[in-house]
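Source file: protein-v8.pdb; contents: PDB, C-alpha atoms.
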ATOM      1  CA  MET A   1      20.698 -10.074  -9.824  1.00  0.00           C
ATOM      2  CA  GLU A   2      23.540  -9.154 -12.113  1.00  0.00           C
ATOM      3  CA  ASP A   3      24.932 -11.392 -14.814  1.00  0.00           C
ATOM      4  CA  ASP A   4      28.353 -13.012 -14.531  1.00  0.00           C
ATOM      5  CA  SER A   5      30.098 -10.296 -16.567  1.00  0.00           C
ATOM      6  CA  SER A   6      30.821  -7.795 -13.767  1.00  0.00           C
ATOM      7  CA  ILE A   7      34.438  -6.782 -13.383  1.00  0.00           C
ATOM      8  CA  PHE A   8      34.407  -8.265  -9.864  1.00  0.00           C
ATOM      9  CA  THR A   9      33.152 -11.616 -11.156  1.00  0.00           C
ATOM     10  CA  MET A  10      35.978 -11.595 -13.710  1.00  0.00           C
ATOM     11  CA  ILE A  11      38.502 -10.808 -10.944  1.00  0.00           C
ATOM     12  CA  ILE A  12      37.086 -13.579  -8.716  1.00  0.00           C
ATOM     13  CA  GLN A  13      37.305 -16.045 -11.626  1.00  0.00           C
ATOM     14  CA  GLY A  14      40.937 -15.074 -12.294  1.00  0.00           C
ATOM     15  CA  GLU A  15      40.194 -13.485 -15.683  1.00  0.00           C
ATOM     16  CA  ILE A  16      41.541 -10.116 -14.497  1.00  0.00           C
ATOM     17  CA  PRO A  17      44.640  -9.965 -12.266  1.00  0.00           C
ATOM     18  CA  CYS A  18      44.480  -8.449  -8.798  1.00  0.00           C
ATOM     19  CA  HIS A  19      46.400  -8.245  -5.542  1.00  0.00           C
ATOM     20  CA  LYS A  20      44.337 -10.770  -3.583  1.00  0.00           C
ATOM     21  CA  VAL A  21      44.434 -10.531   0.204  1.00  0.00           C
ATOM     22  CA  TYR A  22      41.763 -13.081   1.202  1.00  0.00           C
ATOM     23  CA  GLU A  23      39.543 -15.783  -0.244  1.00  0.00           C
ATOM     24  CA  ASP A  24      37.174 -18.414   1.119  1.00  0.00           C
ATOM     25  CA  ASP A  25      34.166 -20.248  -0.329  1.00  0.00           C
ATOM     26  CA  LEU A  26      31.935 -17.145  -0.281  1.00  0.00           C
ATOM     27  CA  ILE A  27      34.218 -14.079  -0.085  1.00  0.00           C
ATOM     28  CA  PHE A  28      37.035 -12.590  -2.159  1.00  0.00           C
ATOM     29  CA  ALA A  29      39.099  -9.555  -1.065  1.00  0.00           C
ATOM     30  CA  PHE A  30      41.728  -7.619  -2.995  1.00  0.00           C
ATOM     31  CA  LEU A  31      43.526  -4.276  -3.016  1.00  0.00           C
ATOM     32  CA  ASP A  32      41.701  -1.455  -4.810  1.00  0.00           C
ATOM     33  CA  ILE A  33      43.489  -0.393  -8.018  1.00  0.00           C
ATOM     34  CA  ASN A  34      42.688   3.267  -7.230  1.00  0.00           C
ATOM     35  CA  PRO A  35      43.286   3.357  -3.469  1.00  0.00           C
ATOM     36  CA  SER A  36      42.350   6.255  -1.216  1.00  0.00           C
ATOM     37  CA  SER A  37      45.226   5.143   1.026  1.00  0.00           C
ATOM     38  CA  PRO A  38      47.693   2.236   1.250  1.00  0.00           C
ATOM     39  CA  GLY A  39      45.804  -0.958   2.092  1.00  0.00           C
ATOM     40  CA  HIS A  40      42.455   0.203   0.620  1.00  0.00           C
ATOM     41  CA  THR A  41      40.792  -3.183   0.133  1.00  0.00           C
ATOM     42  CA  LEU A  42      37.585  -4.334  -1.531  1.00  0.00           C
ATOM     43  CA  VAL A  43      35.724  -7.193   0.155  1.00  0.00           C
ATOM     44  CA  VAL A  44      33.355  -8.838  -2.320  1.00  0.00           C
ATOM     45  CA  PRO A  45      30.905 -11.722  -1.968  1.00  0.00           C
ATOM     46  CA  LYS A  46      31.307 -14.279  -4.732  1.00  0.00           C
ATOM     47  CA  GLU A  47      27.532 -14.190  -5.117  1.00  0.00           C
ATOM     48  CA  PRO A  48      26.791 -11.645  -7.876  1.00  0.00           C
ATOM     49  CA  ALA A  49      24.174  -9.575  -6.012  1.00  0.00           C
ATOM     50  CA  ARG A  50      23.918  -5.970  -7.218  1.00  0.00           C
ATOM     51  CA  THR A  51      23.013  -4.376  -3.870  1.00  0.00           C
ATOM     52  CA  LEU A  52      23.147  -5.360  -0.215  1.00  0.00           C
ATOM     53  CA  ASP A  53      19.388  -5.919   0.013  1.00  0.00           C
ATOM     54  CA  GLU A  54      19.684  -8.588  -2.726  1.00  0.00           C
ATOM     55  CA  LEU A  55      22.449 -10.511  -0.917  1.00  0.00           C
ATOM     56  CA  SER A  56      21.672 -13.942   0.547  1.00  0.00           C
ATOM     57  CA  ASP A  57      21.868 -14.501   4.302  1.00  0.00           C
ATOM     58  CA  ASP A  58      24.802 -16.910   3.826  1.00  0.00           C
ATOM     59  CA  SER A  59      26.870 -14.342   1.921  1.00  0.00           C
ATOM     60  CA  ALA A  60      25.898 -11.579   4.364  1.00  0.00           C
ATOM     61  CA  GLN A  61      27.031 -13.703   7.316  1.00  0.00           C
ATOM     62  CA  ALA A  62      30.301 -14.509   5.556  1.00  0.00           C
ATOM     63  CA  ILE A  63      30.927 -10.796   4.914  1.00  0.00           C
ATOM     64  CA  GLY A  64      30.157 -10.058   8.571  1.00  0.00           C
ATOM     65  CA  ARG A  65      32.758 -12.596   9.688  1.00  0.00           C
ATOM     66  CA  ALA A  66      35.383 -11.520   7.141  1.00  0.00           C
ATOM     67  CA  LEU A  67      35.290  -7.731   7.581  1.00  0.00           C
ATOM     68  CA  PRO A  68      36.744  -7.591  11.137  1.00  0.00           C
ATOM     69  CA  ARG A  69      39.417 -10.173  10.346  1.00  0.00           C
ATOM     70  CA  ILE A  70      40.528  -8.440   7.144  1.00  0.00           C
ATOM     71  CA  SER A  71      40.381  -5.016   8.847  1.00  0.00           C
ATOM     72  CA  LYS A  72      42.721  -6.176  11.628  1.00  0.00           C
ATOM     73  CA  ALA A  73      45.235  -7.492   9.091  1.00  0.00           C
ATOM     74  CA  ILE A  74      45.101  -4.256   7.073  1.00  0.00           C
ATOM     75  CA  LEU A  75      45.705  -2.153  10.193  1.00  0.00           C
ATOM     76  CA  LYS A  76      48.728  -4.251  11.166  1.00  0.00           C
ATOM     77  CA  ALA A  77      50.134  -4.298   7.621  1.00  0.00           C
ATOM     78  CA  THR A  78      49.754  -0.537   7.076  1.00  0.00           C
ATOM     79  CA  GLY A  79      50.434   0.762  10.575  1.00  0.00           C
ATOM     80  CA  ALA A  80      47.134   2.644  10.518  1.00  0.00           C
ATOM     81  CA  SER A  81      45.065   2.723  13.695  1.00  0.00           C
ATOM     82  CA  GLU A  82      41.811   4.020  12.203  1.00  0.00           C
ATOM     83  CA  PHE A  83      39.755   3.094   9.153  1.00  0.00           C
ATOM     84  CA  ASN A  84      36.430   3.414   7.372  1.00  0.00           C
ATOM     85  CA  VAL A  85      34.205   0.649   6.036  1.00  0.00           C
ATOM     86  CA  ILE A  86      32.012   1.924   3.205  1.00  0.00           C
ATOM     87  CA  GLN A  87      29.336   0.120   1.181  1.00  0.00           C
ATOM     88  CA  ASN A  88      27.241   1.876  -1.492  1.00  0.00           C
ATOM     89  CA  ASN A  89      23.951   0.713  -3.058  1.00  0.00           C
ATOM     90  CA  GLY A  90      22.826   2.256  -6.331  1.00  0.00           C
ATOM     91  CA  PRO A  91      24.156   5.032  -8.553  1.00  0.00           C
ATOM     92  CA  ASN A  92      22.728   7.855  -6.414  1.00  0.00           C
ATOM     93  CA  ALA A  93      24.607   6.367  -3.451  1.00  0.00           C
ATOM     94  CA  PHE A  94      27.862   6.436  -5.474  1.00  0.00           C
ATOM     95  CA  GLN A  95      27.960   2.730  -6.367  1.00  0.00           C
ATOM     96  CA  SER A  96      30.057   2.398  -9.534  1.00  0.00           C
ATOM     97  CA  VAL A  97      30.432  -1.396  -9.809  1.00  0.00           C
ATOM     98  CA  PHE A  98      27.073  -3.118  -9.539  1.00  0.00           C
ATOM     99  CA  HIS A  99      28.207  -6.110  -7.506  1.00  0.00           C
ATOM    100  CA  VAL A 100      27.988  -5.777  -3.711  1.00  0.00           C
ATOM    101  CA  HIS A 101      31.326  -4.774  -2.225  1.00  0.00           C
ATOM    102  CA  PHE A 102      32.730  -3.172   0.900  1.00  0.00           C
ATOM    103  CA  HIS A 103      35.671  -0.769   0.969  1.00  0.00           C
ATOM    104  CA  ILE A 104      38.037  -1.003   3.937  1.00  0.00           C
ATOM    105  CA  ILE A 105      39.979   2.271   3.825  1.00  0.00           C
ATOM    106  CA  PRO A 106      42.779   2.853   6.346  1.00  0.00           C
ATOM    107  CA  LYS A 107      43.039   6.422   7.633  1.00  0.00           C
ATOM    108  CA  MET A 108      46.706   7.326   7.754  1.00  0.00           C
ATOM    109  CA  ASP A 109      48.287   9.766  10.220  1.00  0.00           C
ATOM    110  CA  ASP A 110      49.256  12.021   7.291  1.00  0.00           C
ATOM    111  CA  GLY A 111      45.572  12.430   6.382  1.00  0.00           C
ATOM    112  CA  ARG A 112      45.407   9.940   3.519  1.00  0.00           C
ATOM    113  CA  GLY A 113      42.196   7.970   3.494  1.00  0.00           C
ATOM    114  CA  LEU A 114      38.533   8.689   3.046  1.00  0.00           C
ATOM    115  CA  SER A 115      37.377  12.301   3.173  1.00  0.00           C
ATOM    116  CA  PHE A 116      33.901  13.588   2.483  1.00  0.00           C
ATOM    117  CA  PRO A 117      31.514  16.208   3.770  1.00  0.00           C
ATOM    118  CA  PHE A 118      29.041  14.857   6.274  1.00  0.00           C
ATOM    119  CA  ASN A 119      26.024  17.043   6.870  1.00  0.00           C
ATOM    120  CA  PRO A 120      23.901  15.545   9.633  1.00  0.00           C
ATOM    121  CA  SER A 121      20.487  16.982  10.363  1.00  0.00           C
ATOM    122  CA  SER A 122      18.004  16.434  13.164  1.00  0.00           C
ATOM    123  CA  ILE A 123      14.996  14.143  13.200  1.00  0.00           C
ATOM    124  CA  ASP A 124      11.509  15.229  14.163  1.00  0.00           C
ATOM    125  CA  HIS A 125      10.232  13.139  17.096  1.00  0.00           C
ATOM    126  CA  GLU A 126       6.960  12.174  15.381  1.00  0.00           C
ATOM    127  CA  ASP A 127       8.716  11.347  12.100  1.00  0.00           C
ATOM    128  CA  GLY A 128      11.244   9.236  14.002  1.00  0.00           C
ATOM    129  CA  ALA A 129       8.517   7.352  15.860  1.00  0.00           C
ATOM    130  CA  ARG A 130       6.596   6.687  12.640  1.00  0.00           C
ATOM    131  CA  LEU A 131       9.682   5.593  10.674  1.00  0.00           C
ATOM    132  CA  SER A 132      11.103   3.368  13.427  1.00  0.00           C
ATOM    133  CA  SER A 133       7.693   1.703  13.853  1.00  0.00           C
ATOM    134  CA  SER A 134       7.494   1.011  10.122  1.00  0.00           C
ATOM    135  CA  ILE A 135      11.015  -0.463  10.047  1.00  0.00           C
ATOM    136  CA  ARG A 136      10.317  -2.665  13.101  1.00  0.00           C
ATOM    137  CA  ASP A 137       7.102  -3.906  11.471  1.00  0.00           C
ATOM    138  CA  LEU A 138       8.919  -4.801   8.249  1.00  0.00           C
ATOM    139  CA  LEU A 139      11.714  -6.554  10.160  1.00  0.00           C
ATOM    140  CA  SER A 140       9.221  -8.666  12.126  1.00  0.00           C
ATOM    141  CA  ARG A 141       7.839 -10.205   8.928  1.00  0.00           C
ATOM    142  CA  PRO A 142       9.298 -13.398   7.447  1.00  0.00           C
ATOM    143  CA  THR A 143      11.925 -12.664   4.809  1.00  0.00           C
ATOM    144  CA  SER A 144      11.708 -13.964   1.282  1.00  0.00           C
ATOM    145  CA  GLN A 145      14.970 -14.636  -0.517  1.00  0.00           C
TER     146      GLN A 145
END

The structure given in the file should be rewritten as structure tokens.
Amino acid sequence: MEDDSSIFTMIIQGEIPCHKVYEDDLIFAFLDINPSSPGHTLVVPKEPARTLDELSDDSAQAIGRALPRISKAILKATGASEFNVIQNNGPNAFQSVFHVHFHIIPKMDDGRGLSFPFNPSSIDHEDGARLSSSIRDLLSRPTSQ
């Protein structure tokens, strides 16, 4: 877990100003100060977990409920009809603030929004069977929080 000095914790505590769009007991959402498009919003659990796998079930459920609701409001407010939801975990996955957060990024008709190369590959049948079996096995075990 991260200490209480993350920039997001300071924003949540009101120590750094922001353009807040939503808050409840577990979630805080605000406009990104360096938006990819108008309405680019960060949805942050108040719990200071560094990565998604460290997040409690309660905070994860709250994020799951908040994301669709906030997304709908962003689409209406911006006039966008499409959007991306992005969440990064760790520096090699492009996480820059080490406090779990989700980006809701409207994709505007003029092209503004998230752009990145996506290079899908194929999966070997045997590798897929082995990996999916391993994941299912791990998911069937009791979780420890």

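Residue nearest A:Gly90 within the list A:Asp110, A:Ala77, A:Ile70, A:Leu52: A:Leu52 [criterion: smallest interatomic distance, all atoms listed in the file].
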
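The space between atom CA of A:Asp24 and atom CA of A:Lys107 spans 26.3 Å.
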
What does the distance between atom CA of A:Gln61 and atom CA of A:His99 come to in Å, to one decimal place? 16.7 Å

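Using all atoms listed in the file, the smallest distance between any of A:Lys72, A:Arg50, A:Lys20, A:His40 and A:Ser96 comes from A:Arg50.
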
Could you work out an axis-aligned box for stretch 79-90 of chain A, taking every atom the file lists and adding 3 Å on each side, and report centre and edge lengths in Å to one decimal, as AutoDock Vina command-line options?
--center_x 36.6 --center_y 2.1 --center_z 3.7 --size_x 33.6 --size_y 9.9 --size_z 26.0

Between atom CA of A:Asp53 and atom CA of A:His19, what is the spacing in Å? 27.7 Å

Since the input is missing atoms, can you rebuild N, CA and C atoms for stretch 48-81 of chain A and write them as a tab-separated table (two decimals), keeping the file's coordinate frame?
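Written file, part-v2.tsv:
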chain	number	residue	atom	x	y	z
A	48	PRO	N	26.86	-12.88	-7.08
A	48	PRO	CA	26.79	-11.64	-7.88
A	48	PRO	C	25.57	-10.77	-7.60
A	49	ALA	N	25.28	-10.47	-6.36
A	49	ALA	CA	24.17	-9.57	-6.01
A	49	ALA	C	24.57	-8.13	-6.32
A	50	ARG	N	23.64	-7.36	-6.86
A	50	ARG	CA	23.92	-5.97	-7.22
A	50	ARG	C	23.99	-5.06	-5.99
A	51	THR	N	23.07	-5.24	-5.05
A	51	THR	CA	23.01	-4.38	-3.87
A	51	THR	C	22.85	-5.23	-2.62
A	52	LEU	N	23.15	-4.64	-1.48
A	52	LEU	CA	23.15	-5.36	-0.22
A	52	LEU	C	21.80	-6.02	0.08
A	53	ASP	N	20.71	-5.36	-0.26
A	53	ASP	CA	19.39	-5.92	0.01
A	53	ASP	C	19.08	-7.14	-0.85
A	54	GLU	N	19.86	-7.40	-1.89
A	54	GLU	CA	19.68	-8.59	-2.73
A	54	GLU	C	20.58	-9.75	-2.28
A	55	LEU	N	21.47	-9.52	-1.34
A	55	LEU	CA	22.45	-10.51	-0.92
A	55	LEU	C	21.81	-11.58	-0.05
A	56	SER	N	22.20	-12.83	-0.26
A	56	SER	CA	21.67	-13.94	0.55
A	56	SER	C	22.18	-13.84	1.99
A	57	ASP	N	21.45	-14.48	2.90
A	57	ASP	CA	21.87	-14.50	4.30
A	57	ASP	C	23.24	-15.15	4.46
A	58	ASP	N	23.51	-16.23	3.72
A	58	ASP	CA	24.80	-16.91	3.83
A	58	ASP	C	25.95	-15.98	3.45
A	59	SER	N	25.81	-15.27	2.34
A	59	SER	CA	26.87	-14.34	1.92
A	59	SER	C	27.00	-13.18	2.89
A	60	ALA	N	25.86	-12.68	3.40
A	60	ALA	CA	25.90	-11.58	4.36
A	60	ALA	C	26.62	-12.00	5.64
A	61	GLN	N	26.35	-13.20	6.12
A	61	GLN	CA	27.03	-13.70	7.32
A	61	GLN	C	28.52	-13.86	7.06
A	62	ALA	N	28.88	-14.34	5.89
A	62	ALA	CA	30.30	-14.51	5.56
A	62	ALA	C	31.01	-13.16	5.51
A	63	ILE	N	30.36	-12.15	4.93
A	63	ILE	CA	30.93	-10.80	4.91
A	63	ILE	C	31.11	-10.29	6.34
A	64	GLY	N	30.09	-10.50	7.18
A	64	GLY	CA	30.16	-10.06	8.57
A	64	GLY	C	31.31	-10.68	9.34
A	65	ARG	N	31.62	-11.93	9.03
A	65	ARG	CA	32.76	-12.60	9.69
A	65	ARG	C	34.09	-12.12	9.11
A	66	ALA	N	34.12	-11.86	7.80
A	66	ALA	CA	35.38	-11.52	7.14
A	66	ALA	C	35.83	-10.08	7.40
A	67	LEU	N	34.90	-9.14	7.46
A	67	LEU	CA	35.29	-7.73	7.58
A	67	LEU	C	36.18	-7.44	8.79
A	68	PRO	N	35.85	-7.88	10.01
A	68	PRO	CA	36.74	-7.59	11.14
A	68	PRO	C	38.12	-8.24	10.98
A	69	ARG	N	38.14	-9.46	10.50
A	69	ARG	CA	39.42	-10.17	10.35
A	69	ARG	C	40.32	-9.48	9.32
A	70	ILE	N	39.75	-9.12	8.18
A	70	ILE	CA	40.53	-8.44	7.14
A	70	ILE	C	40.95	-7.05	7.63
A	71	SER	N	40.05	-6.35	8.32
A	71	SER	CA	40.38	-5.02	8.85
A	71	SER	C	41.58	-5.07	9.78
A	72	LYS	N	41.60	-6.04	10.69
A	72	LYS	CA	42.72	-6.18	11.63
A	72	LYS	C	44.03	-6.39	10.88
A	73	ALA	N	44.02	-7.23	9.86
A	73	ALA	CA	45.24	-7.49	9.09
A	73	ALA	C	45.69	-6.24	8.35
A	74	ILE	N	44.75	-5.49	7.78
A	74	ILE	CA	45.10	-4.26	7.07
A	74	ILE	C	45.73	-3.25	8.03
A	75	LEU	N	45.15	-3.09	9.22
A	75	LEU	CA	45.70	-2.15	10.19
A	75	LEU	C	47.13	-2.53	10.56
A	76	LYS	N	47.37	-3.81	10.82
A	76	LYS	CA	48.73	-4.25	11.17
A	76	LYS	C	49.69	-4.05	10.01
A	77	ALA	N	49.25	-4.39	8.79
A	77	ALA	CA	50.13	-4.30	7.62
A	77	ALA	C	50.47	-2.86	7.25
A	78	THR	N	49.54	-1.93	7.48
A	78	THR	CA	49.75	-0.54	7.08
A	78	THR	C	50.25	0.36	8.20
A	79	GLY	N	50.08	-0.08	9.44
A	79	GLY	CA	50.43	0.76	10.58
A	79	GLY	C	49.35	1.78	10.92
A	80	ALA	N	48.25	1.74	10.21
A	80	ALA	CA	47.13	2.64	10.52
A	80	ALA	C	46.45	2.18	11.80
A	81	SER	N	45.81	3.10	12.50
A	81	SER	CA	45.06	2.72	13.70
A	81	SER	C	43.57	3.02	13.55
